[in-house]
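*Asks:* What follows is upload-v4.pdb, made up of PDB, C-alpha atoms:
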ATOM      1  CA  ASP H   1     163.492 -24.339 239.406
ATOM      2  CA  ALA H   2     164.366 -26.513 236.429
ATOM      3  CA  GLY H   3     162.130 -29.486 235.895
ATOM      4  CA  VAL H   4     163.062 -32.788 234.311
ATOM      5  CA  THR H   5     164.791 -32.171 231.014
ATOM      6  CA  GLN H   6     165.065 -34.548 228.083
ATOM      7  CA  SER H   7     167.033 -34.460 224.877
ATOM      8  CA  PRO H   8     166.578 -34.440 222.025
ATOM      9  CA  THR H   9     163.014 -33.184 221.643
ATOM     10  CA  HIS H  10     162.421 -34.983 218.391
ATOM     11  CA  LEU H  11     164.357 -37.682 216.565
ATOM     12  CA  ILE H  12     163.948 -39.498 213.269
ATOM     13  CA  LYS H  13     165.720 -42.795 212.691
ATOM     14  CA  THR H  14     165.470 -45.670 210.243
ATOM     15  CA  ARG H  15     164.861 -49.316 210.992
ATOM     16  CA  GLY H  16     167.898 -51.156 212.347
ATOM     17  CA  GLN H  17     169.586 -48.052 213.696
ATOM     18  CA  HIS H  18     170.449 -47.353 217.308
ATOM     19  CA  VAL H  19     169.232 -44.423 219.412
ATOM     20  CA  THR H  20     170.278 -42.844 222.721
ATOM     21  CA  LEU H  21     167.874 -40.653 224.673
ATOM     22  CA  ARG H  22     168.976 -38.528 227.604
ATOM     23  CA  CYS H  23     167.314 -37.340 230.799
ATOM     24  CA  SER H  24     168.368 -34.963 233.554
ATOM     25  CA  PRO H  25     166.343 -35.296 236.765
ATOM     26  CA  ILE H  26     165.290 -32.532 239.076
ATOM     27  CA  SER H  27     168.135 -31.534 241.386
ATOM     28  CA  GLY H  28     168.112 -33.762 244.469
ATOM     29  CA  HIS H  29     166.125 -36.570 242.857
ATOM     30  CA  LYS H  30     167.992 -39.868 242.814
ATOM     31  CA  SER H  31     165.394 -42.020 241.061
ATOM     32  CA  VAL H  32     164.783 -41.957 237.314
ATOM     33  CA  SER H  33     162.166 -43.947 235.415
ATOM     34  CA  TRP H  34     161.609 -44.362 231.697
ATOM     35  CA  TYR H  35     158.244 -44.830 229.989
ATOM     36  CA  GLN H  36     157.164 -45.420 226.390
ATOM     37  CA  GLN H  37     153.929 -43.842 225.194
ATOM     38  CA  VAL H  38     152.525 -45.010 221.887
ATOM     39  CA  LEU H  39     149.975 -42.719 220.278
ATOM     40  CA  GLY H  40     146.555 -43.103 221.878
ATOM     41  CA  GLN H  41     147.798 -45.190 224.802
ATOM     42  CA  GLY H  42     148.942 -44.455 228.337
ATOM     43  CA  PRO H  43     152.650 -44.545 229.156
ATOM     44  CA  GLN H  44     154.187 -48.000 229.643
ATOM     45  CA  PHE H  45     156.957 -48.547 232.190
ATOM     46  CA  ILE H  46     160.361 -49.504 230.773
ATOM     47  CA  PHE H  47     162.968 -49.078 233.532
ATOM     48  CA  GLN H  48     163.583 -47.535 236.894
ATOM     49  CA  TYR H  49     167.005 -46.634 238.266
ATOM     50  CA  TYR H  50     167.709 -45.600 241.838
ATOM     51  CA  GLU H  51     171.160 -44.654 243.082
ATOM     52  CA  LYS H  52     172.620 -45.884 239.786
ATOM     53  CA  GLU H  53     171.170 -49.379 240.139
ATOM     54  CA  GLU H  54     168.362 -50.905 238.104
ATOM     55  CA  ARG H  55     165.384 -51.316 240.420
ATOM     56  CA  GLY H  56     162.733 -52.362 237.962
ATOM     57  CA  ARG H  57     162.238 -53.442 234.373
ATOM     58  CA  GLY H  58     159.038 -53.559 232.369
ATOM     59  CA  ASN H  59     158.062 -56.019 229.664
ATOM     60  CA  PHE H  60     160.392 -54.752 226.950
ATOM     61  CA  PRO H  61     162.922 -56.711 224.840
ATOM     62  CA  ASP H  62     166.655 -56.724 225.499
ATOM     63  CA  ARG H  63     167.082 -54.197 222.707
ATOM     64  CA  PHE H  64     166.133 -51.651 225.355
ATOM     65  CA  SER H  65     168.776 -50.782 227.937
ATOM     66  CA  ALA H  66     169.466 -47.896 230.257
ATOM     67  CA  ARG H  67     171.938 -46.604 232.752
ATOM     68  CA  GLN H  68     172.208 -43.919 235.390
ATOM     69  CA  PHE H  69     175.297 -41.800 235.920
ATOM     70  CA  PRO H  70     176.890 -40.539 239.183
ATOM     71  CA  ASN H  71     175.113 -37.186 238.725
ATOM     72  CA  TYR H  72     171.794 -39.139 238.501
ATOM     73  CA  SER H  73     171.199 -38.296 234.860
ATOM     74  CA  SER H  74     170.185 -41.234 232.707
ATOM     75  CA  GLU H  75     170.344 -42.612 229.191
ATOM     76  CA  LEU H  76     167.920 -44.919 227.445
ATOM     77  CA  ASN H  77     169.371 -46.905 224.562
ATOM     78  CA  VAL H  78     167.401 -48.776 221.948
ATOM     79  CA  ASN H  79     169.176 -51.037 219.439
ATOM     80  CA  ALA H  80     167.961 -52.457 216.142
ATOM     81  CA  LEU H  81     165.054 -50.048 215.904
ATOM     82  CA  LEU H  82     161.700 -51.312 214.666
ATOM     83  CA  LEU H  83     158.809 -49.322 213.252
ATOM     84  CA  GLY H  84     156.878 -50.179 216.433
ATOM     85  CA  ASP H  85     159.420 -48.321 218.541
ATOM     86  CA  SER H  86     157.992 -45.049 217.269
ATOM     87  CA  ALA H  87     156.628 -43.377 220.373
ATOM     88  CA  LEU H  88     157.017 -40.621 222.929
ATOM     89  CA  TYR H  89     159.684 -41.603 225.460
ATOM     90  CA  LEU H  90     159.131 -40.063 228.862
ATOM     91  CA  CYS H  91     161.524 -39.725 231.736
ATOM     92  CA  ALA H  92     160.350 -39.197 235.312
ATOM     93  CA  SER H  93     162.316 -38.429 238.453
ATOM     94  CA  SER H  94     161.370 -38.611 242.093
ATOM     95  CA  PHE H  95     162.507 -38.786 245.680
ATOM     96  CA  PRO H  96     162.159 -42.231 247.254
ATOM     97  CA  PRO H  97     159.102 -42.989 249.433
ATOM     98  CA  PRO H  98     157.506 -41.613 251.542
ATOM     99  CA  TYR H  99     157.450 -39.016 248.762
ATOM    100  CA  ASN H 100     154.939 -40.153 246.186
ATOM    101  CA  GLU H 101     155.047 -37.711 243.327
ATOM    102  CA  GLN H 102     156.857 -38.473 240.102
ATOM    103  CA  PHE H 103     157.854 -35.546 237.935
ATOM    104  CA  PHE H 104     157.772 -36.154 234.204
ATOM    105  CA  GLY H 105     159.769 -34.461 231.500
ATOM    106  CA  PRO H 106     158.263 -33.331 228.205
ATOM    107  CA  GLY H 107     159.468 -36.454 226.423
ATOM    108  CA  THR H 108     161.413 -37.284 223.286
ATOM    109  CA  ARG H 109     159.343 -38.003 220.191
ATOM    110  CA  LEU H 110     161.032 -40.851 218.275
ATOM    111  CA  THR H 111     159.943 -41.646 214.744
ATOM    112  CA  VAL H 112     161.296 -44.790 213.089
ATOM    113  CA  LEU H 113     160.973 -44.920 209.298
TER     114      LEU H 113
ATOM    115  CA  ASP Y 114     149.526 -55.465 238.132
ATOM    116  CA  ALA Y 115     146.283 -54.276 239.639
ATOM    117  CA  LYS Y 116     143.952 -52.810 237.009
ATOM    118  CA  THR Y 117     141.823 -49.702 236.931
ATOM    119  CA  THR Y 118     138.796 -48.962 234.755
ATOM    120  CA  GLN Y 119     137.891 -45.452 233.640
ATOM    121  CA  PRO Y 120     135.454 -44.027 231.105
ATOM    122  CA  ASN Y 121     137.136 -43.199 227.812
ATOM    123  CA  SER Y 122     135.891 -39.626 227.780
ATOM    124  CA  MET Y 123     133.898 -37.075 229.718
ATOM    125  CA  GLU Y 124     132.702 -33.584 229.022
ATOM    126  CA  SER Y 125     132.191 -30.643 231.320
ATOM    127  CA  ASN Y 126     131.398 -26.958 231.187
ATOM    128  CA  GLU Y 127     133.761 -24.314 232.432
ATOM    129  CA  GLU Y 128     133.276 -23.267 236.071
ATOM    130  CA  GLU Y 129     131.304 -26.437 236.867
ATOM    131  CA  PRO Y 130     132.469 -29.327 239.068
ATOM    132  CA  VAL Y 131     133.752 -32.487 237.422
ATOM    133  CA  HIS Y 132     133.643 -35.968 238.918
ATOM    134  CA  LEU Y 133     135.977 -38.453 237.248
ATOM    135  CA  PRO Y 134     135.282 -42.056 238.332
ATOM    136  CA  CYS Y 135     137.702 -44.958 238.588
ATOM    137  CA  ASN Y 136     137.031 -48.590 239.423
ATOM    138  CA  HIS Y 137     139.758 -50.759 240.948
ATOM    139  CA  SER Y 138     138.066 -53.862 242.285
ATOM    140  CA  THR Y 139     141.327 -55.857 242.560
ATOM    141  CA  ILE Y 140     143.079 -53.275 244.733
ATOM    142  CA  SER Y 141     145.222 -54.720 247.512
ATOM    143  CA  GLY Y 142     145.429 -53.409 251.036
ATOM    144  CA  THR Y 143     148.701 -51.585 250.472
ATOM    145  CA  ASP Y 144     147.983 -50.082 247.045
ATOM    146  CA  TYR Y 145     147.884 -46.301 246.953
ATOM    147  CA  ILE Y 146     145.509 -44.653 244.476
ATOM    148  CA  HIS Y 147     147.263 -42.041 242.358
ATOM    149  CA  TRP Y 148     145.882 -39.634 239.803
ATOM    150  CA  TYR Y 149     147.950 -38.037 237.087
ATOM    151  CA  ARG Y 150     146.869 -35.935 234.151
ATOM    152  CA  GLN Y 151     148.472 -35.303 230.799
ATOM    153  CA  LEU Y 152     147.860 -32.069 228.967
ATOM    154  CA  PRO Y 153     148.303 -32.070 225.192
ATOM    155  CA  SER Y 154     151.947 -32.293 224.133
ATOM    156  CA  GLN Y 155     153.204 -32.581 227.705
ATOM    157  CA  GLY Y 156     154.386 -35.299 230.068
ATOM    158  CA  PRO Y 157     152.025 -36.538 232.794
ATOM    159  CA  GLU Y 158     151.556 -34.353 235.853
ATOM    160  CA  TYR Y 159     150.828 -35.550 239.384
ATOM    161  CA  VAL Y 160     147.406 -34.522 240.678
ATOM    162  CA  ILE Y 161     146.719 -36.286 243.967
ATOM    163  CA  HIS Y 162     147.021 -39.604 245.778
ATOM    164  CA  GLY Y 163     145.422 -41.382 248.732
ATOM    165  CA  LEU Y 164     145.161 -44.685 250.590
ATOM    166  CA  THR Y 165     141.900 -44.863 252.511
ATOM    167  CA  SER Y 166     140.753 -41.397 253.530
ATOM    168  CA  ASN Y 167     139.503 -38.640 251.272
ATOM    169  CA  VAL Y 168     142.228 -36.184 250.311
ATOM    170  CA  ASN Y 169     142.246 -32.543 249.245
ATOM    171  CA  ASN Y 170     144.947 -30.394 247.703
ATOM    172  CA  ARG Y 171     145.107 -27.206 245.706
ATOM    173  CA  MET Y 172     144.372 -28.997 242.447
ATOM    174  CA  ALA Y 173     141.604 -31.446 243.324
ATOM    175  CA  SER Y 174     139.900 -33.728 245.830
ATOM    176  CA  LEU Y 175     140.009 -37.499 245.922
ATOM    177  CA  ALA Y 176     137.047 -39.411 247.294
ATOM    178  CA  ILE Y 177     137.753 -43.078 248.074
ATOM    179  CA  ALA Y 178     134.965 -45.598 248.594
ATOM    180  CA  GLU Y 179     134.818 -47.328 251.942
ATOM    181  CA  ASP Y 180     135.679 -50.710 250.371
ATOM    182  CA  ARG Y 181     138.412 -48.983 248.286
ATOM    183  CA  LYS Y 182     137.161 -50.626 245.119
ATOM    184  CA  SER Y 183     136.444 -47.299 243.498
ATOM    185  CA  SER Y 184     137.464 -43.669 243.739
ATOM    186  CA  THR Y 185     136.464 -40.320 242.266
ATOM    187  CA  LEU Y 186     138.657 -37.394 241.331
ATOM    188  CA  ILE Y 187     136.823 -34.134 241.861
ATOM    189  CA  LEU Y 188     137.735 -30.901 240.117
ATOM    190  CA  HIS Y 189     135.696 -28.295 241.952
ATOM    191  CA  ARG Y 190     135.552 -25.700 239.178
ATOM    192  CA  ALA Y 191     136.751 -26.855 235.801
ATOM    193  CA  THR Y 192     138.721 -24.439 233.675
ATOM    194  CA  LEU Y 193     139.812 -24.722 230.062
ATOM    195  CA  ARG Y 194     143.290 -25.531 231.332
ATOM    196  CA  ASP Y 195     141.932 -28.696 232.973
ATOM    197  CA  ALA Y 196     141.276 -30.279 229.569
ATOM    198  CA  ALA Y 197     143.549 -33.308 229.627
ATOM    199  CA  VAL Y 198     143.703 -37.081 229.862
ATOM    200  CA  TYR Y 199     143.285 -38.138 233.490
ATOM    201  CA  TYR Y 200     144.869 -41.395 234.639
ATOM    202  CA  CYS Y 201     143.860 -43.343 237.733
ATOM    203  CA  ILE Y 202     146.779 -45.529 238.828
ATOM    204  CA  LEU Y 203     147.407 -48.054 241.577
ATOM    205  CA  ARG Y 204     150.968 -47.625 242.730
ATOM    206  CA  ASP Y 205     153.030 -50.784 242.424
ATOM    207  CA  VAL Y 206     155.990 -50.772 244.760
ATOM    208  CA  MET Y 207     158.786 -53.147 243.786
ATOM    209  CA  GLY Y 208     161.226 -54.432 246.337
ATOM    210  CA  GLN Y 209     163.046 -52.171 248.717
ATOM    211  CA  GLY Y 210     164.927 -48.955 248.333
ATOM    212  CA  GLY Y 211     162.084 -46.800 247.209
ATOM    213  CA  SER Y 212     161.452 -48.400 243.856
ATOM    214  CA  GLU Y 213     158.103 -48.087 242.229
ATOM    215  CA  LYS Y 214     156.484 -48.065 238.857
ATOM    216  CA  LEU Y 215     153.289 -46.487 237.635
ATOM    217  CA  VAL Y 216     150.941 -48.662 235.577
ATOM    218  CA  PHE Y 217     148.934 -46.376 233.298
ATOM    219  CA  GLY Y 218     145.724 -47.361 231.545
ATOM    220  CA  LYS Y 219     144.163 -45.366 228.715
ATOM    221  CA  GLY Y 220     142.698 -42.792 231.070
ATOM    222  CA  THR Y 221     139.716 -40.470 230.678
ATOM    223  CA  LYS Y 222     139.906 -37.659 228.163
ATOM    224  CA  LEU Y 223     138.237 -34.636 229.730
ATOM    225  CA  THR Y 224     136.850 -31.969 227.437
ATOM    226  CA  VAL Y 225     135.950 -28.630 229.028
ATOM    227  CA  ASN Y 226     133.509 -26.471 227.099
ATOM    228  CA  PRO Y 227     133.658 -22.676 227.437
TER     229      PRO Y 227
END
Once you've parsed the file, please lay out its structure as structure tokens.
*Replies:*
Amino acid sequence: DAGVTQSPTHLIKTRGQHVTLRCSPISGHKSVSWYQQVLGQGPQFIFQYYEKEERGRGNFPDRFSARQFPNYSSELNVNALLLGDSALYLCASSFPPPYNEQFFGPGTRLTVL
Amino acid sequence: DAKTTQPNSMESNEEEPVHLPCNHSTISGTDYIHWYRQLPSQGPEYVIHGLTSNVNNRMASLAIAEDRKSSTLILHRATLRDAAVYYCILRDVMGQGGSEKLVFGKGTKLTVNP
């Protein structure tokens, strides 16, 4: 069975540019969450989408936005990139409770120069 | 968000049991305790979760203190493949409709020696 897939694997951008990251959840999962992981830290929650609606937002600026499509795939957009946005961006999908396990993709490594 | 405290690193020998501690003194009555691990160059992977009672699965066991202010993840026989960062997380459920977020700390880096 295919797990959570993310694209691209790696990305290099310059300050001020815009980036779009993509995530395909496991078949049957309707919830997608996005996390940012800076080197040496644990992942930090950015967004959660369930049934195409935003269900949660972490403490990130408005430069970060996301959406979920009818097929439950998702995009994370970041505008006006800063050097500090360099990180591993992780996508996770899950069934709603009572199922408790979130399945993470391998991530997209974003480098901002 | 409820906080957890874990040692920065631990070391173990292959084939020996490993006990990874976690303190969560501010846990609320409805917080579930989750453990995830992250192998090098991979996304986090679910290990186990529990509420009040001790739990076992094919990967590990979770021992929860009676007052729920601490827990211990137990790997019964560590292998080299268990070398990873282990995160103890209190699940934060937001609103209705099955929403939740995971609040990760820095975790415990487990080194397994051959």
*Asks:* Expressed in Å to a single decimal, how great is the separation between CA of Leu215 in chain Y and CA of Gln44 in chain H?
*Replies:*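 Between CA of Leu215 in chain Y and CA of Gln44 in chain H the gap is 8.2 Å.
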*Asks:* Report as a PyMOL selection string the residues that result from applying the PyMOL selection byres ((chain H) within 10 of (chain Y)) to the structure here.
*Replies:* chain H and resi 4+31-35+37+40-51+54-58+88-92+94-108
*Asks:* Spell out the residues picked by the PyMOL selection byres ((chain Y and resi 136) around 10) here, as a PDB file with C-alpha atoms, in the coordinates of the input.
*Replies:*
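See expr-v9.pdb below for the written result:
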ATOM      1  CA  LYS Y 116     143.952 -52.810 237.009  1.00  0.00           C
ATOM      2  CA  THR Y 117     141.823 -49.702 236.931  1.00  0.00           C
ATOM      3  CA  THR Y 118     138.796 -48.962 234.755  1.00  0.00           C
ATOM      4  CA  GLN Y 119     137.891 -45.452 233.640  1.00  0.00           C
ATOM      5  CA  PRO Y 120     135.454 -44.027 231.105  1.00  0.00           C
ATOM      6  CA  PRO Y 134     135.282 -42.056 238.332  1.00  0.00           C
ATOM      7  CA  CYS Y 135     137.702 -44.958 238.588  1.00  0.00           C
ATOM      8  CA  HIS Y 137     139.758 -50.759 240.948  1.00  0.00           C
ATOM      9  CA  SER Y 138     138.066 -53.862 242.285  1.00  0.00           C
ATOM     10  CA  THR Y 139     141.327 -55.857 242.560  1.00  0.00           C
ATOM     11  CA  ILE Y 140     143.079 -53.275 244.733  1.00  0.00           C
ATOM     12  CA  ALA Y 178     134.965 -45.598 248.594  1.00  0.00           C
ATOM     13  CA  ARG Y 181     138.412 -48.983 248.286  1.00  0.00           C
ATOM     14  CA  LYS Y 182     137.161 -50.626 245.119  1.00  0.00           C
ATOM     15  CA  SER Y 183     136.444 -47.299 243.498  1.00  0.00           C
ATOM     16  CA  SER Y 184     137.464 -43.669 243.739  1.00  0.00           C
ATOM     17  CA  THR Y 185     136.464 -40.320 242.266  1.00  0.00           C
ATOM     18  CA  CYS Y 201     143.860 -43.343 237.733  1.00  0.00           C
TER      19      CYS Y 201
END
*Asks:* Choose the residue, out of H:Leu39, H:Ala2, H:Cys23, H:Leu76, that has the smallest atom-to-atom separation from Thr111 in chain H; count all atoms listed in the file.
*Replies:*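 Among the listed residues, the smallest separation from Thr111 in chain H belongs to H:Leu39.
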*Asks:* Calculated over all atoms listed in the file, which of the candidates H:Gln36, H:Asn59, H:Thr20, H:Asn71 has the smallest distance to Asp85 in chain H?
*Replies:*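 Selected residue with least distance to Asp85 in chain H: H:Gln36.
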*Asks:* Enter the distance from CA of Trp148 in chain Y to CA of Lys30 in chain H, in Å, rounded to one decimal.
*Replies:*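 Those two atoms sit 22.3 Å apart.
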*Asks:* One decimal, in Å: what's the spacing between CA of Ser24 in chain H and CA of Asp144 in chain Y?
*Replies:*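 A separation of 28.7 Å between them.
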*Asks:* When the PyMOL selection byres ((chain H and resi 65) around 9) is applied to the file above, which residues end up in the set, as a list in words?
*Replies:*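 Selected by the PyMOL selection byres ((chain H and resi 65) around 9) in this file: Ile46, Phe47, Pro61, Asp62, Arg63, Phe64, Ala66, Arg67, Glu75, Leu76, Asn77, Val78 and Asn79 of chain H.
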*Asks:* With all atoms of range 13-32 of chain H from the file as input, state the centre and edge lengths in Å to one decimal of the axis-aligned box that has 8 Å extra on each side, as lines of an AutoDock Vina configuration file.
*Replies:*
center_x = 167.6
center_y = -41.3
center_z = 227.4
size_x = 21.7
size_y = 35.6
size_z = 50.2
*Asks:* Find, counting all atoms listed in the file, the residue in H:Ile12, H:Gln6, H:Lys52, H:Ala87 that gets nearest to Gln68 in chain H.
*Replies:* H:Lys52
*Asks:* Return the single residue from H:Phe60, H:Ser93, H:Glu53, H:Leu110 that is closest to Arg15 in chain H, with distances computed using only C-alpha atoms.
*Replies:* H:Leu110
*Asks:* Show which residues sit within 6 Å of Ala80 in chain H, as a PyMOL selection string. Count only C-alpha atoms, and ignore same-chain residues fewer than 3 positions away.
*Replies:* chain H and resi 16-18
*Asks:* Under the rule that all atoms listed in the file are counted, which of H:Lys13, H:Leu83, H:Pro8, H:Tyr72 is the nearest residue to Ser27 in chain H?
*Replies:*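 Once distances to Ser27 in chain H are computed over all atoms listed in the file, the minimum belongs to H:Tyr72.
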*Asks:* Just checking: using only C-alpha atoms, which residue out of H:Leu21, H:Val38, H:Val112, H:Pro70 ends up closest to Thr9 in chain H?
*Replies:*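 Using only C-alpha atoms, Thr9 in chain H sits closest to H:Leu21.
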*Asks:* Would you list the contacts of Lys222 in chain Y as a list in words, taking every protein, DNA or RNA residue within 8 Å and counting only C-alpha atoms, but skipping same-chain residues closer than 4 positions in sequence?
*Replies:*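 Within the cut-off, the hits are Asn121, Ser122, Met123, Ala196, Ala197, Val198 and Tyr199 of chain Y.
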*Asks:* Which residues are near Pro227 in chain Y? Cut-off 10 Å, all atoms listed in the file, ignore same chain within fewer than 3 positions. Put them as a PDB file with C-alpha atoms, in the frame of the given file.
*Replies:*
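Dumped to out.pdb:
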ATOM      1  CA  SER Y 125     132.191 -30.643 231.320  1.00  0.00           C
ATOM      2  CA  ASN Y 126     131.398 -26.958 231.187  1.00  0.00           C
ATOM      3  CA  GLU Y 127     133.761 -24.314 232.432  1.00  0.00           C
ATOM      4  CA  GLU Y 128     133.276 -23.267 236.071  1.00  0.00           C
ATOM      5  CA  ALA Y 191     136.751 -26.855 235.801  1.00  0.00           C
ATOM      6  CA  THR Y 192     138.721 -24.439 233.675  1.00  0.00           C
ATOM      7  CA  LEU Y 193     139.812 -24.722 230.062  1.00  0.00           C
ATOM      8  CA  THR Y 224     136.850 -31.969 227.437  1.00  0.00           C
TER       9      THR Y 224
END
